[in-house]
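J.: Got a file for you: entry.cif, mmCIF, C-alpha atoms and all ligand atoms.
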data_data
loop_
_atom_site.label_atom_id
_atom_site.label_comp_id
_atom_site.auth_asym_id
_atom_site.auth_seq_id
_atom_site.Cartn_x
_atom_site.Cartn_y
_atom_site.Cartn_z
CA MET A 1 -10.97 5.37 -21.07
CA GLU A 2 -7.66 5.47 -19.19
CA ASN A 3 -4.23 6.08 -20.71
CA VAL A 4 -2.40 4.06 -18.09
CA VAL A 5 -3.71 1.80 -15.38
CA VAL A 6 -1.24 0.59 -12.77
CA ILE A 7 -2.31 -2.54 -10.91
CA GLY A 8 -0.68 -2.57 -7.49
CA SER A 9 0.41 0.07 -5.01
CA GLY A 10 3.78 -1.22 -3.84
CA CYS A 11 7.18 0.29 -4.69
CA ALA A 12 6.86 -0.79 -8.33
CA GLY A 13 3.32 0.55 -8.72
CA TRP A 14 3.93 3.94 -7.11
CA THR A 15 7.14 4.48 -9.04
CA ALA A 16 5.38 3.64 -12.31
CA ALA A 17 2.62 6.05 -11.28
CA LEU A 18 5.12 8.81 -10.47
CA TYR A 19 6.82 8.59 -13.85
CA THR A 20 3.64 8.32 -15.90
CA ALA A 21 2.07 11.15 -13.89
CA ARG A 22 5.06 13.40 -14.57
CA ALA A 23 4.57 12.55 -18.26
CA ASN A 24 1.05 14.01 -17.94
CA LEU A 25 -0.64 10.65 -18.50
CA LYS A 26 -2.81 10.88 -15.34
CA PRO A 27 -2.35 7.21 -14.37
CA LEU A 28 -4.95 5.39 -12.33
CA VAL A 29 -3.49 3.20 -9.56
CA ILE A 30 -5.60 0.29 -8.35
CA THR A 31 -4.36 -0.48 -4.84
CA GLY A 32 -5.47 -4.07 -4.33
CA GLN A 33 -6.09 -5.49 -0.89
CA GLN A 34 -2.75 -4.31 0.45
CA PRO A 35 -2.48 -0.57 -0.20
CA GLY A 36 1.22 0.30 -0.10
CA GLY A 37 2.24 -3.30 -0.77
CA LEU A 38 4.48 -5.63 1.20
CA LEU A 39 6.71 -2.95 2.65
CA THR A 40 3.87 -1.68 4.82
CA THR A 41 4.25 -4.87 6.85
CA THR A 42 7.74 -3.99 8.05
CA THR A 43 8.78 -1.40 10.60
CA ILE A 44 12.24 -0.33 9.58
CA VAL A 45 13.69 -0.29 6.07
CA GLU A 46 17.43 0.31 6.27
CA ASN A 47 18.47 -0.29 2.66
CA TYR A 48 16.30 2.08 0.66
CA PRO A 49 18.67 4.81 -0.59
CA GLY A 50 18.15 8.30 0.77
CA PHE A 51 17.24 7.39 4.35
CA PRO A 52 20.49 7.18 6.33
CA GLU A 53 18.62 6.53 9.59
CA GLY A 54 16.24 4.01 7.99
CA VAL A 55 12.57 4.62 7.35
CA ASP A 56 9.35 3.02 8.55
CA GLY A 57 7.91 0.86 5.73
CA TYR A 58 4.43 2.35 5.99
CA GLU A 59 5.83 5.88 5.98
CA LEU A 60 7.97 5.20 2.92
CA MET A 61 4.97 3.91 0.99
CA THR A 62 2.79 6.84 2.07
CA ARG A 63 5.49 9.21 0.83
CA MET A 64 5.65 7.38 -2.51
CA GLN A 65 1.88 7.68 -2.89
CA LYS A 66 1.90 11.40 -2.06
CA GLN A 67 4.75 12.01 -4.49
CA ALA A 68 2.90 10.29 -7.35
CA GLU A 69 -0.40 12.02 -6.51
CA ARG A 70 1.31 15.40 -6.42
CA PHE A 71 1.88 15.04 -10.16
CA GLY A 72 -1.64 13.85 -10.96
CA ALA A 73 -1.75 10.11 -10.26
CA ARG A 74 -5.19 8.98 -9.14
CA THR A 75 -5.85 6.19 -6.67
CA THR A 76 -8.74 3.79 -6.45
CA PHE A 77 -9.11 1.18 -3.73
CA GLY A 78 -10.11 -2.04 -5.41
CA THR A 79 -9.02 -5.40 -6.73
CA VAL A 80 -8.65 -6.42 -10.36
CA GLU A 81 -10.57 -9.66 -10.63
CA ALA A 82 -10.15 -10.29 -14.37
CA ALA A 83 -8.29 -8.86 -17.34
CA ASP A 84 -9.06 -9.21 -21.04
CA LEU A 85 -5.81 -8.49 -22.87
CA SER A 86 -6.95 -9.98 -26.20
CA ARG A 87 -7.63 -6.57 -27.75
CA ARG A 88 -6.87 -2.91 -27.13
CA PRO A 89 -8.16 -1.07 -25.25
CA PHE A 90 -7.74 -3.67 -22.54
CA THR A 91 -10.70 -4.38 -20.29
CA LEU A 92 -10.26 -4.96 -16.58
CA THR A 93 -12.89 -6.00 -14.11
CA VAL A 94 -12.39 -4.09 -10.89
CA ASP A 95 -14.69 -5.19 -8.06
CA GLY A 96 -17.29 -6.20 -10.64
CA GLU A 97 -17.03 -3.01 -12.71
CA PRO A 98 -15.45 -2.83 -16.19
CA LEU A 99 -12.57 -0.43 -16.79
CA GLN A 100 -10.84 0.23 -20.10
CA THR A 101 -7.27 1.32 -20.61
CA ARG A 102 -4.86 1.90 -23.49
CA THR A 103 -1.86 0.59 -21.54
CA LEU A 104 -1.47 -1.53 -18.47
CA ILE A 105 1.35 -1.75 -15.94
CA ILE A 106 1.19 -4.87 -13.81
CA ALA A 107 2.87 -4.45 -10.42
CA THR A 108 0.98 -7.01 -8.36
CA GLY A 109 3.94 -8.34 -6.35
CA ALA A 110 4.39 -11.79 -4.88
CA SER A 111 3.11 -13.15 -1.60
CA HIS A 112 5.44 -15.21 0.56
CA ARG A 113 4.37 -18.66 1.63
CA HIS A 114 3.65 -19.01 5.32
CA LEU A 115 4.19 -21.97 7.59
CA GLY A 116 0.54 -21.57 8.55
CA LEU A 117 1.11 -21.45 12.32
CA ASP A 118 -0.85 -19.18 14.61
CA SER A 119 2.35 -18.33 16.53
CA GLU A 120 4.13 -17.48 13.26
CA GLN A 121 1.49 -14.87 12.48
CA LYS A 122 1.49 -13.44 16.01
CA LEU A 123 5.29 -13.07 16.04
CA GLU A 124 5.70 -11.61 12.53
CA ASN A 125 8.08 -8.65 12.81
CA LYS A 126 8.87 -9.74 16.37
CA GLY A 127 11.51 -12.18 15.20
CA VAL A 128 9.61 -13.98 12.44
CA THR A 129 10.56 -12.65 9.02
CA TYR A 130 10.48 -13.64 5.36
CA CYS A 131 13.50 -11.76 4.07
CA ALA A 132 17.06 -12.19 5.36
CA THR A 133 18.46 -9.47 3.07
CA CYS A 134 15.90 -7.06 4.51
CA ASP A 135 16.06 -7.94 8.20
CA GLY A 136 19.17 -10.03 8.86
CA ALA A 137 21.31 -7.07 9.91
CA LEU A 138 18.85 -5.82 12.54
CA PRO A 139 20.38 -5.55 16.04
CA MET A 140 17.91 -8.10 17.48
CA PHE A 141 19.53 -10.86 15.40
CA ARG A 142 23.20 -10.01 15.98
CA ASN A 143 25.26 -12.78 17.64
CA GLN A 144 22.08 -14.75 18.32
CA PRO A 145 21.10 -18.25 17.22
CA LEU A 146 18.84 -18.03 14.14
CA VAL A 147 16.57 -20.45 12.31
CA VAL A 148 15.99 -20.67 8.57
CA VAL A 149 13.11 -22.85 7.36
CA GLY A 150 13.32 -24.30 3.85
CA GLY A 151 15.50 -26.41 1.58
CA GLY A 152 15.67 -24.56 -1.72
CA ASP A 153 18.10 -22.02 -3.17
CA SER A 154 16.51 -19.16 -1.23
CA ALA A 155 16.80 -20.97 2.08
CA CYS A 156 20.48 -21.80 1.42
CA GLU A 157 21.23 -18.27 0.33
CA GLU A 158 19.46 -16.79 3.35
CA ALA A 159 21.18 -19.17 5.74
CA THR A 160 24.61 -18.39 4.27
CA TYR A 161 23.91 -14.65 4.41
CA LEU A 162 22.74 -14.87 8.02
CA THR A 163 26.02 -16.46 9.16
CA ARG A 164 27.42 -12.91 9.01
CA PHE A 165 25.15 -11.90 11.86
CA GLY A 166 23.98 -14.91 13.85
CA SER A 167 26.04 -16.99 16.26
CA VAL A 168 24.70 -20.14 14.61
CA VAL A 169 22.11 -20.71 11.86
CA TYR A 170 19.89 -23.78 12.05
CA LEU A 171 18.57 -24.85 8.66
CA ILE A 172 15.31 -26.73 9.14
CA HIS A 173 14.25 -28.91 6.23
CA ARG A 174 11.47 -31.47 6.06
CA ARG A 175 13.50 -33.84 3.88
CA ASP A 176 16.92 -35.45 4.32
CA THR A 177 18.54 -33.65 1.38
CA LEU A 178 18.31 -30.07 0.16
CA ARG A 179 16.31 -29.28 -2.91
CA ALA A 180 18.65 -26.37 -3.73
CA SER A 181 21.12 -26.39 -6.64
CA LYS A 182 24.33 -28.29 -5.82
CA ILE A 183 26.47 -25.18 -5.65
CA MET A 184 24.13 -23.41 -3.23
CA ALA A 185 23.66 -26.52 -1.10
CA ASP A 186 27.42 -27.21 -0.94
CA ARG A 187 28.13 -23.63 0.03
CA ALA A 188 25.56 -23.73 2.83
CA LEU A 189 26.48 -27.15 4.17
CA SER A 190 30.22 -26.45 4.17
CA ASN A 191 29.69 -23.35 6.30
CA PRO A 192 30.61 -24.29 9.90
CA LYS A 193 28.01 -21.89 11.29
CA ILE A 194 25.12 -23.64 9.49
CA LYS A 195 23.66 -26.62 11.33
CA PRO A 196 21.05 -28.56 9.34
CA ARG A 197 18.13 -30.26 11.07
CA TRP A 198 16.91 -32.87 8.58
CA ASP A 199 13.45 -34.44 8.31
CA SER A 200 12.11 -31.74 10.57
CA VAL A 201 9.22 -29.30 10.53
CA VAL A 202 8.50 -26.33 12.77
CA THR A 203 5.37 -27.03 14.77
CA ASP A 204 5.42 -23.87 16.88
CA VAL A 205 7.29 -20.59 17.11
CA LEU A 206 8.10 -19.65 20.71
CA ASP A 207 7.15 -17.55 22.60
CA VAL A 208 3.85 -15.79 22.03
CA LYS A 209 3.51 -15.06 25.76
CA GLN A 210 6.78 -13.08 25.75
CA ASP A 211 5.69 -11.37 22.50
CA LYS A 212 9.04 -12.15 20.81
CA VAL A 213 10.81 -15.08 19.21
CA THR A 214 12.82 -17.15 21.68
CA GLY A 215 12.96 -20.43 19.75
CA VAL A 216 11.10 -23.07 17.79
CA GLN A 217 9.42 -26.36 18.51
CA LEU A 218 10.37 -29.07 15.99
CA LYS A 219 8.98 -32.43 15.00
CA ASN A 220 10.94 -35.12 13.20
CA VAL A 221 8.63 -36.27 10.40
CA LYS A 222 10.18 -39.77 10.31
CA THR A 223 10.36 -40.60 14.02
CA GLY A 224 7.72 -38.20 15.38
CA GLU A 225 10.26 -37.05 17.98
CA GLN A 226 9.71 -33.53 19.36
CA SER A 227 12.53 -31.14 20.18
CA SER A 228 13.16 -27.44 20.56
CA LEU A 229 15.85 -24.93 19.62
CA ASP A 230 16.64 -21.55 21.12
CA ALA A 231 16.63 -18.79 18.50
CA ALA A 232 16.08 -15.03 18.30
CA GLY A 233 14.91 -15.12 14.69
CA VAL A 234 12.94 -17.38 12.37
CA PHE A 235 13.49 -16.74 8.68
CA VAL A 236 10.83 -18.49 6.62
CA ALA A 237 12.16 -19.26 3.13
CA ILE A 238 9.69 -21.74 1.68
CA GLY A 239 8.89 -19.81 -1.48
CA HIS A 240 6.73 -17.09 -2.95
CA VAL A 241 3.55 -17.06 -5.00
CA PRO A 242 3.42 -14.27 -7.59
CA ASN A 243 0.03 -12.55 -7.79
CA THR A 244 -0.43 -13.24 -11.49
CA GLN A 245 -3.21 -15.83 -11.65
CA ILE A 246 -5.59 -13.48 -13.50
CA PHE A 247 -3.13 -13.23 -16.42
CA LYS A 248 -2.66 -16.97 -16.89
CA GLY A 249 -2.98 -17.99 -20.54
CA GLN A 250 -2.58 -14.38 -21.71
CA LEU A 251 0.91 -13.37 -20.62
CA ALA A 252 4.13 -15.38 -20.72
CA MET A 253 5.03 -16.75 -17.30
CA ASP A 254 7.44 -19.30 -15.92
CA ASP A 255 6.44 -22.55 -14.19
CA ASN A 256 6.04 -20.76 -10.87
CA GLY A 257 3.78 -18.05 -12.29
CA TYR A 258 6.32 -15.20 -12.47
CA LEU A 259 5.67 -12.96 -15.47
CA VAL A 260 8.41 -13.20 -18.08
CA PRO A 261 8.93 -9.95 -19.99
CA ALA A 262 9.57 -10.22 -23.72
CA GLN A 263 12.05 -7.34 -23.65
CA GLY A 264 12.80 -4.85 -20.88
CA ALA A 265 9.48 -4.30 -19.11
CA SER A 266 7.38 -5.19 -22.21
CA THR A 267 5.38 -8.38 -22.34
CA ASN A 268 4.22 -10.57 -25.22
CA VAL A 269 1.11 -8.33 -25.41
CA PRO A 270 1.97 -4.87 -26.83
CA GLY A 271 0.81 -2.20 -24.38
CA VAL A 272 1.15 -4.39 -21.29
CA PHE A 273 4.19 -3.86 -19.07
CA VAL A 274 5.38 -5.52 -15.89
CA ALA A 275 7.32 -4.31 -12.86
CA GLY A 276 8.45 -5.50 -9.45
CA ASP A 277 8.28 -8.80 -7.63
CA CYS A 278 5.55 -10.27 -9.87
CA ALA A 279 8.26 -10.50 -12.54
CA ASP A 280 11.32 -10.95 -10.33
CA HIS A 281 12.08 -14.08 -8.35
CA VAL A 282 15.74 -13.16 -7.96
CA TYR A 283 16.21 -9.80 -6.20
CA ARG A 284 12.83 -9.03 -4.59
CA GLN A 285 13.88 -5.71 -3.09
CA ALA A 286 12.09 -2.39 -2.76
CA VAL A 287 14.71 -0.54 -4.76
CA THR A 288 14.73 -3.08 -7.62
CA ALA A 289 10.92 -3.04 -7.72
CA ALA A 290 10.99 0.76 -7.89
CA GLY A 291 13.56 0.62 -10.69
CA MET A 292 11.39 -1.78 -12.65
CA GLY A 293 8.40 0.51 -12.10
CA CYS A 294 10.37 3.35 -13.64
CA ALA A 295 11.30 1.20 -16.65
CA ALA A 296 7.70 0.07 -17.19
CA ALA A 297 6.46 3.67 -17.04
CA ILE A 298 8.97 4.91 -19.58
CA GLU A 299 8.07 2.07 -21.92
CA ALA A 300 4.33 2.73 -21.51
CA GLU A 301 4.90 6.41 -22.25
CA ARG A 302 6.89 5.57 -25.41
CA PHE A 303 4.29 3.04 -26.49
CA LEU A 304 1.50 5.63 -26.20
CA ALA A 305 3.61 8.16 -28.11
CA THR A 306 3.98 5.73 -31.05
CA GLN A 307 0.22 5.05 -31.03
CA ASN A 308 -0.59 8.76 -31.31
CA GLN A 309 1.72 9.37 -34.25
C1 LIG A 401 8.50 -8.30 6.10
C2 LIG A 401 9.18 -7.78 4.87
C3 LIG A 401 10.21 -6.87 5.02
C4 LIG A 401 10.85 -6.38 3.88
N1 LIG A 401 11.85 -5.49 4.06
C5 LIG A 401 12.51 -5.01 2.99
C6 LIG A 401 13.58 -4.09 3.16
O1 LIG A 401 13.97 -3.76 4.28
N2 LIG A 401 14.18 -3.62 2.04
C7 LIG A 401 13.79 -4.01 0.78
O2 LIG A 401 14.36 -3.51 -0.19
N3 LIG A 401 12.78 -4.86 0.59
C8 LIG A 401 12.14 -5.38 1.66
N4 LIG A 401 11.13 -6.29 1.49
C9 LIG A 401 10.78 -6.69 0.12
C10 LIG A 401 9.88 -5.61 -0.51
O3 LIG A 401 8.79 -5.40 0.34
C11 LIG A 401 9.40 -6.05 -1.88
O4 LIG A 401 10.50 -6.38 -2.69
C12 LIG A 401 8.61 -4.93 -2.54
O5 LIG A 401 7.51 -4.58 -1.73
C13 LIG A 401 8.11 -5.35 -3.92
O6 LIG A 401 7.33 -4.31 -4.42
P1 LIG A 401 6.20 -4.58 -5.51
O7 LIG A 401 5.64 -3.24 -5.82
O8 LIG A 401 6.74 -5.39 -6.61
O9 LIG A 401 5.11 -5.50 -4.81
P2 LIG A 401 4.31 -5.38 -3.45
O10 LIG A 401 4.92 -4.46 -2.50
O11 LIG A 401 4.07 -6.79 -3.02
O12 LIG A 401 2.91 -4.73 -3.91
C14 LIG A 401 1.99 -5.45 -4.67
C15 LIG A 401 0.73 -4.63 -4.78
O13 LIG A 401 -0.15 -5.26 -5.72
C16 LIG A 401 -1.47 -5.21 -5.21
N5 LIG A 401 -2.23 -6.27 -5.88
C17 LIG A 401 -1.98 -7.60 -5.93
N6 LIG A 401 -2.93 -8.24 -6.66
C18 LIG A 401 -3.79 -7.29 -7.07
C19 LIG A 401 -4.98 -7.29 -7.84
N7 LIG A 401 -5.50 -8.43 -8.36
N8 LIG A 401 -5.63 -6.12 -8.06
C20 LIG A 401 -5.13 -4.97 -7.57
N9 LIG A 401 -4.00 -4.89 -6.85
C21 LIG A 401 -3.35 -6.03 -6.59
C22 LIG A 401 -1.29 -5.36 -3.71
O14 LIG A 401 -2.44 -4.89 -3.01
C23 LIG A 401 -0.06 -4.49 -3.50
O15 LIG A 401 -0.46 -3.15 -3.34
C24 LIG A 401 10.46 -6.79 2.60
C25 LIG A 401 9.41 -7.70 2.44
C26 LIG A 401 8.78 -8.18 3.58
C27 LIG A 401 7.66 -9.14 3.42
#
Show me, as structure tokens, the structure contained in the file I just sent.
T.:
Amino acid sequence: MENVVVIGSGCAGWTAALYTARANLKPLVITGQQPGGLLTTTTIVENYPGFPEGVDGYELMTRMQKQAERFGARTTFGTVEAADLSRRPFTLTVDGEPLQTRTLIIATGASHRHLGLDSEQKLENKGVTYCATCDGALPMFRNQPLVVVGGGDSACEEATYLTRFGSVVYLIHRRDTLRASKIMADRALSNPKIKPRWDSVVTDVLDVKQDKVTGVQLKNVKTGEQSSLDAAGVFVAIGHVPNTQIFKGQLAMDDNGYLVPAQGASTNVPGVFVAGDCADHVYRQAVTAAGMGCAAAIEAERFLATQNQ
């Protein structure tokens, strides 16, 4: 029987583990298929406080793991396939094996949607990125033409943000109007540096042979016409999918599957807490995920203290 199980080993998970470990609760962290979480997929993180020169994403996550383990957090490599939250202790199924816990911290993150192109995958981190806030300021994008793919609020926000760095920002959308809220769409479209390309989809990211992004190949979905654009960066902003499917029907979530806390980090099930991108479709940053992990840990600790009284 565990006191605290943390599902997920990203910034939220390791921070929750650090705090619950320092409270002597010996948390068990289940890593999932991406030990270290999303940040391990990026080379340089320049906006995590405490690293004035920036820090490699993989190194930052390894440091977080070591810090949590130093205080007694335990790590198991596995995936939670099912969760029964109908009674305490909660029962998880981890790679076919049952595991019981008094409290649960869910920090399973959110996966970004991909365009699904082979070239997109090959050029990830070589000009293809999924986060303008994270990568927009990198030297490789400064004063260069950039491409944002998408038509929702995120795409408009990313395009507007990127006008600070790029020489021009092409907004590629498969329809002839943006799906974003009016205020976001107006802001983006009134920006002289943003050039929309309507009714268009990216069919290829160039240039795999050069091992860096040099542009995109486009297709007009109405006329079938092919064209290309020069660009140093492709920012894919077509949405995220929170990794919360196993909690469907048990925990409150919004229409897109993001967990909706009842109060603070607490959910509608007493003893279950949430942290990080699985419950945050707004900020989606390492530091906010870590902050939420801290909050979830403190609430789990307090919950256990009330149970033992
Ligand atoms: C390319 C890229 C660059 C980025 N750069 C920056 C940056 O510079 N600065 C910044 O602040 N943010 C950056 N971000 C965003 C940042 O990575 C996320 O906000 C942060 O990782 C969220 O942390 P998290 O712990 O909530 O989730 P994640 O990091 O996504 O971790 C989720 C964890 O849950 C695990 N998991 C999922 N499902 C299960 C399951 N069923 N069972 C067990 N485990 C499971 C996964 O294996 C993973 O370990 C970047 C993101 C990307 C994609």
J.: Around (2.1, -1.4, -24.8) in the file's own coordinates, what residues are found within 12 Å if you use all atoms listed in the file, given back as a CSV table (one decimal) with C-alpha atoms, in the frame of the given file?
T.:
chain,number,residue,atom,x,y,z
A,3,ASN,CA,-4.2,6.1,-20.7
A,4,VAL,CA,-2.4,4.1,-18.1
A,5,VAL,CA,-3.7,1.8,-15.4
A,85,LEU,CA,-5.8,-8.5,-22.9
A,87,ARG,CA,-7.6,-6.6,-27.8
A,88,ARG,CA,-6.9,-2.9,-27.1
A,89,PRO,CA,-8.2,-1.1,-25.2
A,90,PHE,CA,-7.7,-3.7,-22.5
A,101,THR,CA,-7.3,1.3,-20.6
A,102,ARG,CA,-4.9,1.9,-23.5
A,103,THR,CA,-1.9,0.6,-21.5
A,104,LEU,CA,-1.5,-1.5,-18.5
A,105,ILE,CA,1.4,-1.8,-15.9
A,106,ILE,CA,1.2,-4.9,-13.8
A,261,PRO,CA,8.9,-10.0,-20.0
A,262,ALA,CA,9.6,-10.2,-23.7
A,263,GLN,CA,12.0,-7.3,-23.6
A,264,GLY,CA,12.8,-4.8,-20.9
A,265,ALA,CA,9.5,-4.3,-19.1
A,266,SER,CA,7.4,-5.2,-22.2
A,267,THR,CA,5.4,-8.4,-22.3
A,268,ASN,CA,4.2,-10.6,-25.2
A,269,VAL,CA,1.1,-8.3,-25.4
A,270,PRO,CA,2.0,-4.9,-26.8
A,271,GLY,CA,0.8,-2.2,-24.4
A,272,VAL,CA,1.2,-4.4,-21.3
A,273,PHE,CA,4.2,-3.9,-19.1
A,274,VAL,CA,5.4,-5.5,-15.9
A,296,ALA,CA,7.7,0.1,-17.2
A,297,ALA,CA,6.5,3.7,-17.0
A,298,ILE,CA,9.0,4.9,-19.6
A,299,GLU,CA,8.1,2.1,-21.9
A,300,ALA,CA,4.3,2.7,-21.5
A,301,GLU,CA,4.9,6.4,-22.2
A,302,ARG,CA,6.9,5.6,-25.4
A,303,PHE,CA,4.3,3.0,-26.5
A,304,LEU,CA,1.5,5.6,-26.2
A,305,ALA,CA,3.6,8.2,-28.1
A,306,THR,CA,4.0,5.7,-31.0
A,307,GLN,CA,0.2,5.0,-31.0
J.: If the box runs along x, y and z of the file and leaves 5 Å on each side of ligand LIG 401 (chain A), what are its centre and edge lengths in Å, one decimal, as lines of an AutoDock Vina configuration file?
T.:
center_x = 4.4
center_y = -6.1
center_z = -1.1
size_x = 30.0
size_y = 16.0
size_z = 24.5
J.: May I have the protein, DNA and RNA residues with any atom at most 10 Å from the point (19.9, -27.4, -3.1), counting only C-alpha atoms, written as number ranges by chain?
T.: A: 151-157, 177-189
J.: Nearest to ligand LIG 401 (chain A): which of A:Cys294, A:Ala107, A:Val236, A:Leu138 is it, counting all atoms listed in the file?
T.: A:Ala107
J.: My list of candidates is A:Gln210, A:Thr62, A:Thr15, A:Ser167. Which is closest to ligand LIG 401 (chain A) when distances are computed with only C-alpha atoms and all ligand atoms?
T.: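 That would be A:Thr15, the residue with the smallest distance to ligand LIG 401 (chain A).
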J.: Go through A:Thr133, A:Ser86, A:Thr75, A:Gln217 one by one, measure the shortest atom-to-atom distance of each to Ala237 of chain A using only C-alpha atoms, and give the residue with the smallest value.
T.: A:Thr133
J.: Please identify all polymer residues within 7 Å of Leu123 of chain A, counting only C-alpha atoms, omitting same-chain residues fewer than 3 positions from it, and present them as a CSV table (one decimal) with C-alpha atoms, in the coordinates of the input.
T.:
chain,number,residue,atom,x,y,z
A,119,SER,CA,2.4,-18.3,16.5
A,120,GLU,CA,4.1,-17.5,13.3
A,126,LYS,CA,8.9,-9.7,16.4
A,127,GLY,CA,11.5,-12.2,15.2
A,128,VAL,CA,9.6,-14.0,12.4
A,208,VAL,CA,3.8,-15.8,22.0
A,211,ASP,CA,5.7,-11.4,22.5
A,212,LYS,CA,9.0,-12.2,20.8
A,213,VAL,CA,10.8,-15.1,19.2
J.: Excluding Gly13 of chain A and residues on its chain fewer than 6 positions from it, collect all residues at most 7 Å away from it, counting all atoms listed in the file, and give them as a PyMOL selection string.
T.: chain A and resi 6-7+107+293
J.: Any chance you could export the current selection's C-alpha atoms as an mmCIF file, in the coordinates of the input?
T.:
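Below is the file part-v6.cif, written as the result:
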data_model
loop_
_atom_site.group_PDB
_atom_site.id
_atom_site.type_symbol
_atom_site.label_atom_id
_atom_site.label_comp_id
_atom_site.auth_asym_id
_atom_site.auth_seq_id
_atom_site.Cartn_x
_atom_site.Cartn_y
_atom_site.Cartn_z
ATOM 1 C CA VAL A 6 -1.240 0.590 -12.770
ATOM 2 C CA ILE A 7 -2.310 -2.540 -10.910
ATOM 3 C CA ALA A 107 2.870 -4.450 -10.420
ATOM 4 C CA GLY A 293 8.400 0.510 -12.100
#
J.: Save segment 175-187 of chain A of the structure in the block above to a file, with N, CA and C atoms included, as an mmCIF file, in the first residue's frame.
T.:
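After the write, decode.cif holds the following:
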data_model
loop_
_atom_site.group_PDB
_atom_site.id
_atom_site.type_symbol
_atom_site.label_atom_id
_atom_site.label_comp_id
_atom_site.auth_asym_id
_atom_site.auth_seq_id
_atom_site.Cartn_x
_atom_site.Cartn_y
_atom_site.Cartn_z
ATOM 1 N N ARG A 175 -8.874 26.580 -43.441
ATOM 2 C CA ARG A 175 -10.173 27.161 -43.792
ATOM 3 C C ARG A 175 -9.984 28.612 -44.250
ATOM 4 N N ASP A 176 -11.109 29.275 -44.576
ATOM 5 C CA ASP A 176 -10.958 30.668 -45.036
ATOM 6 C C ASP A 176 -11.289 31.683 -43.951
ATOM 7 N N THR A 177 -11.573 31.197 -42.743
ATOM 8 C CA THR A 177 -11.699 32.106 -41.592
ATOM 9 C C THR A 177 -11.055 31.425 -40.386
ATOM 10 N N LEU A 178 -10.618 32.244 -39.428
ATOM 11 C CA LEU A 178 -9.991 31.663 -38.234
ATOM 12 C C LEU A 178 -11.070 31.142 -37.293
ATOM 13 N N ARG A 179 -10.705 30.120 -36.566
ATOM 14 C CA ARG A 179 -11.614 29.534 -35.598
ATOM 15 C C ARG A 179 -11.435 30.221 -34.231
ATOM 16 N N ALA A 180 -10.409 31.049 -34.124
ATOM 17 C CA ALA A 180 -10.062 31.700 -32.854
ATOM 18 C C ALA A 180 -11.159 32.674 -32.421
ATOM 19 N N SER A 181 -11.136 33.074 -31.140
ATOM 20 C CA SER A 181 -12.068 34.085 -30.655
ATOM 21 C C SER A 181 -11.830 35.382 -31.433
ATOM 22 N N LYS A 182 -12.884 36.206 -31.519
ATOM 23 C CA LYS A 182 -12.801 37.406 -32.376
ATOM 24 C C LYS A 182 -11.634 38.305 -31.967
ATOM 25 N N ILE A 183 -11.468 38.467 -30.676
ATOM 26 C CA ILE A 183 -10.417 39.390 -30.214
ATOM 27 C C ILE A 183 -9.017 38.897 -30.609
ATOM 28 N N MET A 184 -8.812 37.591 -30.483
ATOM 29 C CA MET A 184 -7.499 37.029 -30.840
ATOM 30 C C MET A 184 -7.288 37.096 -32.358
ATOM 31 N N ALA A 185 -8.357 36.774 -33.093
ATOM 32 C CA ALA A 185 -8.253 36.784 -34.556
ATOM 33 C C ALA A 185 -8.001 38.204 -35.049
ATOM 34 N N ASP A 186 -8.742 39.179 -34.505
ATOM 35 C CA ASP A 186 -8.565 40.576 -34.937
ATOM 36 C C ASP A 186 -7.146 41.048 -34.657
ATOM 37 N N ARG A 187 -6.654 40.697 -33.478
ATOM 38 C CA ARG A 187 -5.311 41.123 -33.098
ATOM 39 C C ARG A 187 -4.278 40.557 -34.081
#
